[in-house]
There are 2 protein chains.
Amino acid sequence: VPRTHFHLQLEQLKDKLLAMAALSQQAVEYAVDAYLERDERLCTFVRENEAAINMAHRNVDEMAYELLAKEQPMAIDLRFILSVIKINADLERIGDQSMSIALRAEEMLRVPAATLPVDIAAMGTHASDMIRRAVQSLIEADAPLAESVREMDDDIDHMNRTAHVDLIQVMQKSPDASLQALNAVITARNLERIADHATNIATDVIFWVRGADVRHQLAMAE
Amino acid sequence: VPRTHFHLQLEQLKDKLLAMAALSQQAVEYAVDAYLERDERLCTFVRENEAAINMAHRNVDEMAYELLAKEQPMAIDLRFILSVIKINADLERIGDQSMSIALRAEEMLRVPAATLPVDIAAMGTHASDMIRRAVQSLIEADAPLAESVREMDDDIDHMNRTAHVDLIQVMQKSPDASLQALNAVITARNLERIADHATNIATDVIFWVRGADVRHQLAMAE
C-alpha cells in the first residue's frame, strides 16, 4: 500500500510538471505574438506569466525534493524524479527566454515597424512544436518521439545563423533600422535557446525511459 | 564504517565539482581575453575546453546519481547532492556562454577593431569574481559569502543595460562599426548570463547550508 501511495504522488508530480510545461509553452507563444503583432498587453501578460512560472517551478522542485527525502526511491522512480528536476529547470529557463523576447517586443513598440529578412513566426512555431513534442514524449514515455525533437534542433540552429548574417547586412546598409534589426537578432537567438531547452527535455525523457547508459551514448554522439 | 566511506565519496564528489568549476571559470577568462586581445589561439582553446567541460559535467552528474541510487542519503547529504547536480548544470551553461563569446571573438578577427562604449574587460572581471566567490562559498560552506555574490548581480545587470543603449547609438551613427557593436551587445549579454549562473550557484550554496526554508524566502524576495 505505501508503494501505491508513492506512485500516486509520482503521478501528482508529473501533473505539476505538465502544468509548468503549459505555462512555459504559453509564455513562448504569447511572447512571439507580442513581438509580431506589436501588442503591449501581451507583453504585460508575459511578465505576469513569468511570476506564475517561477512559483510553479518552486512547487515542482519542492515536491520532487520531498519525495527523494521521504521515499528514497530506487532505479526507474529515482531516474524519473531526477529527470523531473532537470526538465523543470529547462522549463523555467524557457520562461526566462520568453521574458527576454517580451522585453525586446516592448522596445519595438517605441520605434516604427521594419520589414526584416527573418521569419520570427516560423522560428517561434518551430520552437513551440519542439516543446510540445518534448512534453508529449514525457506524457507517453515515448523515446522515439523524444529523439525526433533532438533532430529538429538543427533546423532552428540553421534559421538562427542565417538570420544573424542577413540582419548584420541590414544594420550595415540601413542604420535607421538597426534597432529593429538588433532586436530581431536577439529574439532569433532567444528562440534558438528555447529550442535547446526543448532538446534538453527530450534528452532527459530518453534518460528516464531507457536508463543512464543511453544518456551516455547520446552525450558521446554530440 | 559505511557512513565514513559514504562521506569520503561526498568529498570526492565535491572535488570533481571543483575541477568542473575551475574549467568553467577558465573558459570565461580565456573567452574574454580572446575577445579583448583578438587572439585566435585562445578561441581554439575555448573550443577544446568546451569538450573537457562537457565530459566533467557528465562525470559529476553520474557520480551524484550513483550516490543517490546506492546510498539513499537523507537531510543535509541529500541537499548537498541535489545542490551539486544544480551547480554542475550552471557551470556547464557558463561553458556554453563562454563558447558563444569565443564565436563572437572569432567573427571579430575578420573585421577591423573598433573603439566601443562598453567595458567588456570590467564586465568579464566582475562575472569572473562572482564565479570565484560562489565557488569559494561552496568550499567553505559560507552562506554570507554566497549572499554577497547575489548582491553583485545588480551591478553587472546595470552594466549590460547601459552597454545595450550605448551600442545601439553606435549602430545608428556608425554603420561601419555595426558588426563590432552587435558582437559587443551579444558578449555583454553573455557575461550578464554568466553572472546569473554564478548567482544561481550562490543560491544553491545557501540552500545546502541553511536548508529549504531559506531558499523559499530568497525566492519570495526576488
# chains A, B, ... in the order shown; residues from 1 in each chain; ligands from 1
>>> residues_around(residues="Val209 of chain A", least_positions_apart="3", cutoff="7 Å", atoms="only C-alpha atoms", output="PyMOL selection string")
chain A and resi 141+143+205-206
>>> write_last_selection(atoms="N, CA and C atoms", output="PDB file, in the first residue's frame")
ATOM      1  N   ALA A 141       5.943   8.599 -22.318  1.00  0.00           N
ATOM      2  CA  ALA A 141       7.196   7.846 -22.130  1.00  0.00           C
ATOM      3  C   ALA A 141       7.679   7.313 -23.485  1.00  0.00           C
ATOM      4  N   ALA A 143      10.291   7.367 -26.189  1.00  0.00           N
ATOM      5  CA  ALA A 143      11.674   7.725 -26.526  1.00  0.00           C
ATOM      6  C   ALA A 143      11.867   8.070 -28.006  1.00  0.00           C
ATOM      7  N   VAL A 205      13.981  12.852 -21.137  1.00  0.00           N
ATOM      8  CA  VAL A 205      12.930  11.833 -21.293  1.00  0.00           C
ATOM      9  C   VAL A 205      13.565  10.510 -21.710  1.00  0.00           C
ATOM     10  N   ILE A 206      14.506  10.575 -22.654  1.00  0.00           N
ATOM     11  CA  ILE A 206      15.190   9.350 -23.105  1.00  0.00           C
ATOM     12  C   ILE A 206      15.950   8.715 -21.938  1.00  0.00           C
TER      13      ILE A 206
END
>>> interface_residues(of="chain A", to="chain B", cutoff="6 Å", atoms="only C-alpha atoms", output="number ranges by chain")
A: 69, 72, 74, 172, 175
>>> residues_around(residues="Ser98 of chain B", least_positions_apart="6", cutoff="7 Å", atoms="only C-alpha atoms", output="JSON, numbers by chain")
{"B": [27, 28, 31]}
>>> write_last_selection(atoms="C-alpha atoms", output="compact mmCIF listing (two decimals), in the first residue's frame")
# COMPACT_ATOMS: atom_id res chain seq x y z
CA ALA B 27 36.54 29.22 -20.09
CA VAL B 28 35.11 32.62 -19.13
CA ALA B 31 36.95 33.72 -23.88
>>> residues_around(residues="Leu91 of chain B", least_positions_apart="5", cutoff="10 Å", atoms="only C-alpha atoms", output="PyMOL selection string")
chain B and resi 17+20-25+53-54+57+86+96-97+131+194+197-198+200-201
>>> residues_around(residues="Ala195 of chain A", least_positions_apart="5", cutoff="12 Å", atoms="only C-alpha atoms", output="NGL selection string")
:A and (25 or 28 or 90-91 or 93-94 or 97-98 or 123-134 or 149-160 or 188-190 or 200-202)
>>> write_last_selection(atoms="N, CA, C and O atoms", output="short mmCIF file (atom, residue, chain, number, x, y, z; two decimals), in the first residue's frame")
data_model
loop_
_atom_site.label_atom_id
_atom_site.label_comp_id
_atom_site.auth_asym_id
_atom_site.auth_seq_id
_atom_site.Cartn_x
_atom_site.Cartn_y
_atom_site.Cartn_z
N GLN A 25 5.14 26.94 -22.28
CA GLN A 25 4.80 26.96 -23.70
C GLN A 25 3.96 28.18 -24.04
O GLN A 25 4.17 28.84 -25.07
N VAL A 28 6.13 31.27 -24.40
CA VAL A 28 6.81 31.37 -25.71
C VAL A 28 5.83 31.91 -26.75
O VAL A 28 6.13 32.87 -27.48
N ASP A 90 14.72 23.41 -17.11
CA ASP A 90 14.69 23.84 -18.52
C ASP A 90 13.41 24.64 -18.82
O ASP A 90 13.45 25.63 -19.54
N LEU A 91 12.31 24.20 -18.26
CA LEU A 91 11.05 24.93 -18.48
C LEU A 91 11.13 26.34 -17.88
O LEU A 91 10.63 27.30 -18.47
N ARG A 93 13.78 28.10 -17.61
CA ARG A 93 14.64 28.91 -18.48
C ARG A 93 13.94 29.28 -19.79
O ARG A 93 14.21 30.31 -20.37
N ILE A 94 13.03 28.43 -20.22
CA ILE A 94 12.20 28.79 -21.38
C ILE A 94 11.37 30.04 -21.02
O ILE A 94 11.22 30.95 -21.83
N GLN A 97 13.70 33.08 -21.24
CA GLN A 97 13.94 33.47 -22.64
C GLN A 97 12.71 34.16 -23.23
O GLN A 97 12.83 35.10 -24.03
N SER A 98 11.53 33.71 -22.83
CA SER A 98 10.30 34.35 -23.31
C SER A 98 10.19 35.77 -22.78
O SER A 98 9.77 36.68 -23.50
N MET A 123 10.24 30.58 -36.80
CA MET A 123 11.13 30.13 -35.73
C MET A 123 10.32 29.86 -34.45
O MET A 123 10.57 28.89 -33.74
N GLY A 124 9.36 30.74 -34.17
CA GLY A 124 8.51 30.58 -32.99
C GLY A 124 7.69 29.30 -33.06
O GLY A 124 7.60 28.54 -32.09
N THR A 125 7.11 29.04 -34.24
CA THR A 125 6.31 27.83 -34.42
C THR A 125 7.19 26.59 -34.25
O THR A 125 6.79 25.61 -33.60
N HIS A 126 8.39 26.65 -34.83
CA HIS A 126 9.30 25.50 -34.74
C HIS A 126 9.69 25.23 -33.28
O HIS A 126 9.63 24.08 -32.82
N ALA A 127 10.05 26.28 -32.55
CA ALA A 127 10.45 26.12 -31.14
C ALA A 127 9.27 25.59 -30.33
O ALA A 127 9.42 24.69 -29.48
N SER A 128 8.10 26.14 -30.61
CA SER A 128 6.90 25.75 -29.88
C SER A 128 6.55 24.28 -30.15
O SER A 128 6.21 23.53 -29.23
N ASP A 129 6.67 23.87 -31.40
CA ASP A 129 6.47 22.45 -31.78
C ASP A 129 7.42 21.53 -31.02
O ASP A 129 7.04 20.44 -30.59
N MET A 130 8.67 21.99 -30.91
CA MET A 130 9.67 21.17 -30.21
C MET A 130 9.29 20.98 -28.74
O MET A 130 9.39 19.88 -28.20
N ILE A 131 8.83 22.07 -28.10
CA ILE A 131 8.42 21.95 -26.69
C ILE A 131 7.22 21.00 -26.60
O ILE A 131 7.17 20.12 -25.74
N ARG A 132 6.22 21.19 -27.49
CA ARG A 132 5.01 20.38 -27.45
C ARG A 132 5.35 18.89 -27.59
O ARG A 132 4.89 18.05 -26.82
N ARG A 133 6.21 18.57 -28.55
CA ARG A 133 6.60 17.16 -28.75
C ARG A 133 7.39 16.62 -27.57
O ARG A 133 7.25 15.45 -27.20
N ALA A 134 8.27 17.46 -27.02
CA ALA A 134 9.07 17.00 -25.87
C ALA A 134 8.15 16.68 -24.70
O ALA A 134 8.32 15.66 -24.03
N VAL A 149 12.56 15.15 -31.50
CA VAL A 149 12.77 16.53 -31.05
C VAL A 149 14.24 16.92 -31.21
O VAL A 149 14.57 18.01 -31.68
N ARG A 150 15.11 15.98 -30.80
CA ARG A 150 16.55 16.24 -30.93
C ARG A 150 16.93 16.52 -32.38
O ARG A 150 17.80 17.35 -32.65
N GLU A 151 16.27 15.81 -33.30
CA GLU A 151 16.59 16.00 -34.73
C GLU A 151 16.09 17.35 -35.25
O GLU A 151 16.63 17.88 -36.22
N MET A 152 15.05 17.89 -34.62
CA MET A 152 14.50 19.17 -35.07
C MET A 152 15.41 20.36 -34.74
O MET A 152 15.20 21.47 -35.22
N ASP A 153 16.38 20.13 -33.85
CA ASP A 153 17.18 21.25 -33.36
C ASP A 153 18.06 21.86 -34.45
O ASP A 153 18.30 23.08 -34.46
N ASP A 154 18.55 21.03 -35.37
CA ASP A 154 19.43 21.53 -36.42
C ASP A 154 18.77 22.61 -37.26
O ASP A 154 19.40 23.59 -37.66
N ASP A 155 17.47 22.41 -37.57
CA ASP A 155 16.76 23.36 -38.43
C ASP A 155 16.74 24.76 -37.83
O ASP A 155 16.97 25.76 -38.51
N ILE A 156 16.46 24.83 -36.54
CA ILE A 156 16.34 26.16 -35.93
C ILE A 156 17.72 26.79 -35.73
O ILE A 156 17.89 28.01 -35.85
N ASP A 157 18.73 25.95 -35.51
CA ASP A 157 20.10 26.47 -35.47
C ASP A 157 20.44 27.14 -36.80
O ASP A 157 21.03 28.23 -36.83
N HIS A 158 20.06 26.47 -37.86
CA HIS A 158 20.33 26.99 -39.20
C HIS A 158 19.57 28.31 -39.44
O HIS A 158 20.13 29.28 -39.95
N MET A 159 18.28 28.31 -39.07
CA MET A 159 17.49 29.55 -39.22
C MET A 159 18.15 30.71 -38.47
O MET A 159 18.22 31.83 -38.97
N ASN A 160 18.64 30.43 -37.27
CA ASN A 160 19.25 31.47 -36.45
C ASN A 160 20.53 32.00 -37.09
O ASN A 160 20.75 33.21 -37.15
N ALA A 188 15.75 36.05 -32.32
CA ALA A 188 16.09 34.79 -33.00
C ALA A 188 16.99 33.92 -32.11
O ALA A 188 16.81 32.70 -32.02
N ARG A 189 17.96 34.57 -31.44
CA ARG A 189 18.84 33.82 -30.52
C ARG A 189 18.04 33.24 -29.37
O ARG A 189 18.28 32.11 -28.95
N ASN A 190 17.09 34.02 -28.84
CA ASN A 190 16.26 33.51 -27.73
C ASN A 190 15.48 32.28 -28.17
O ASN A 190 15.36 31.31 -27.41
N ASN A 200 17.04 19.56 -24.50
CA ASN A 200 17.45 19.03 -23.19
C ASN A 200 16.34 18.20 -22.56
O ASN A 200 16.58 17.14 -21.98
N ILE A 201 15.11 18.70 -22.66
CA ILE A 201 13.96 17.99 -22.08
C ILE A 201 13.82 16.62 -22.75
O ILE A 201 13.65 15.60 -22.09
N ALA A 202 13.92 16.61 -24.08
CA ALA A 202 13.82 15.35 -24.82
C ALA A 202 14.91 14.37 -24.38
O ALA A 202 14.67 13.17 -24.21
#
>>> closest_residue(among="A:Ala102, A:Leu109, A:Ile81, A:Leu42", to="Gln180 of chain A", atoms="only C-alpha atoms")
A:Leu109
>>> residues_around(residues="Arg110 of chain B", least_positions_apart="6", cutoff="12 Å", atoms="only C-alpha atoms", output="compact mmCIF listing (two decimals) with C-alpha atoms, in the first residue's frame")
# COMPACT_ATOMS: atom_id res chain seq x y z
CA ARG B 38 41.72 39.30 -30.77
CA ASP B 39 43.56 36.05 -30.14
CA GLU B 40 42.61 33.17 -32.44
CA LEU B 103 32.45 32.56 -31.50
CA ARG B 104 31.91 36.32 -31.46
CA LEU B 179 29.07 44.28 -36.75
CA GLN B 180 31.54 45.08 -33.98
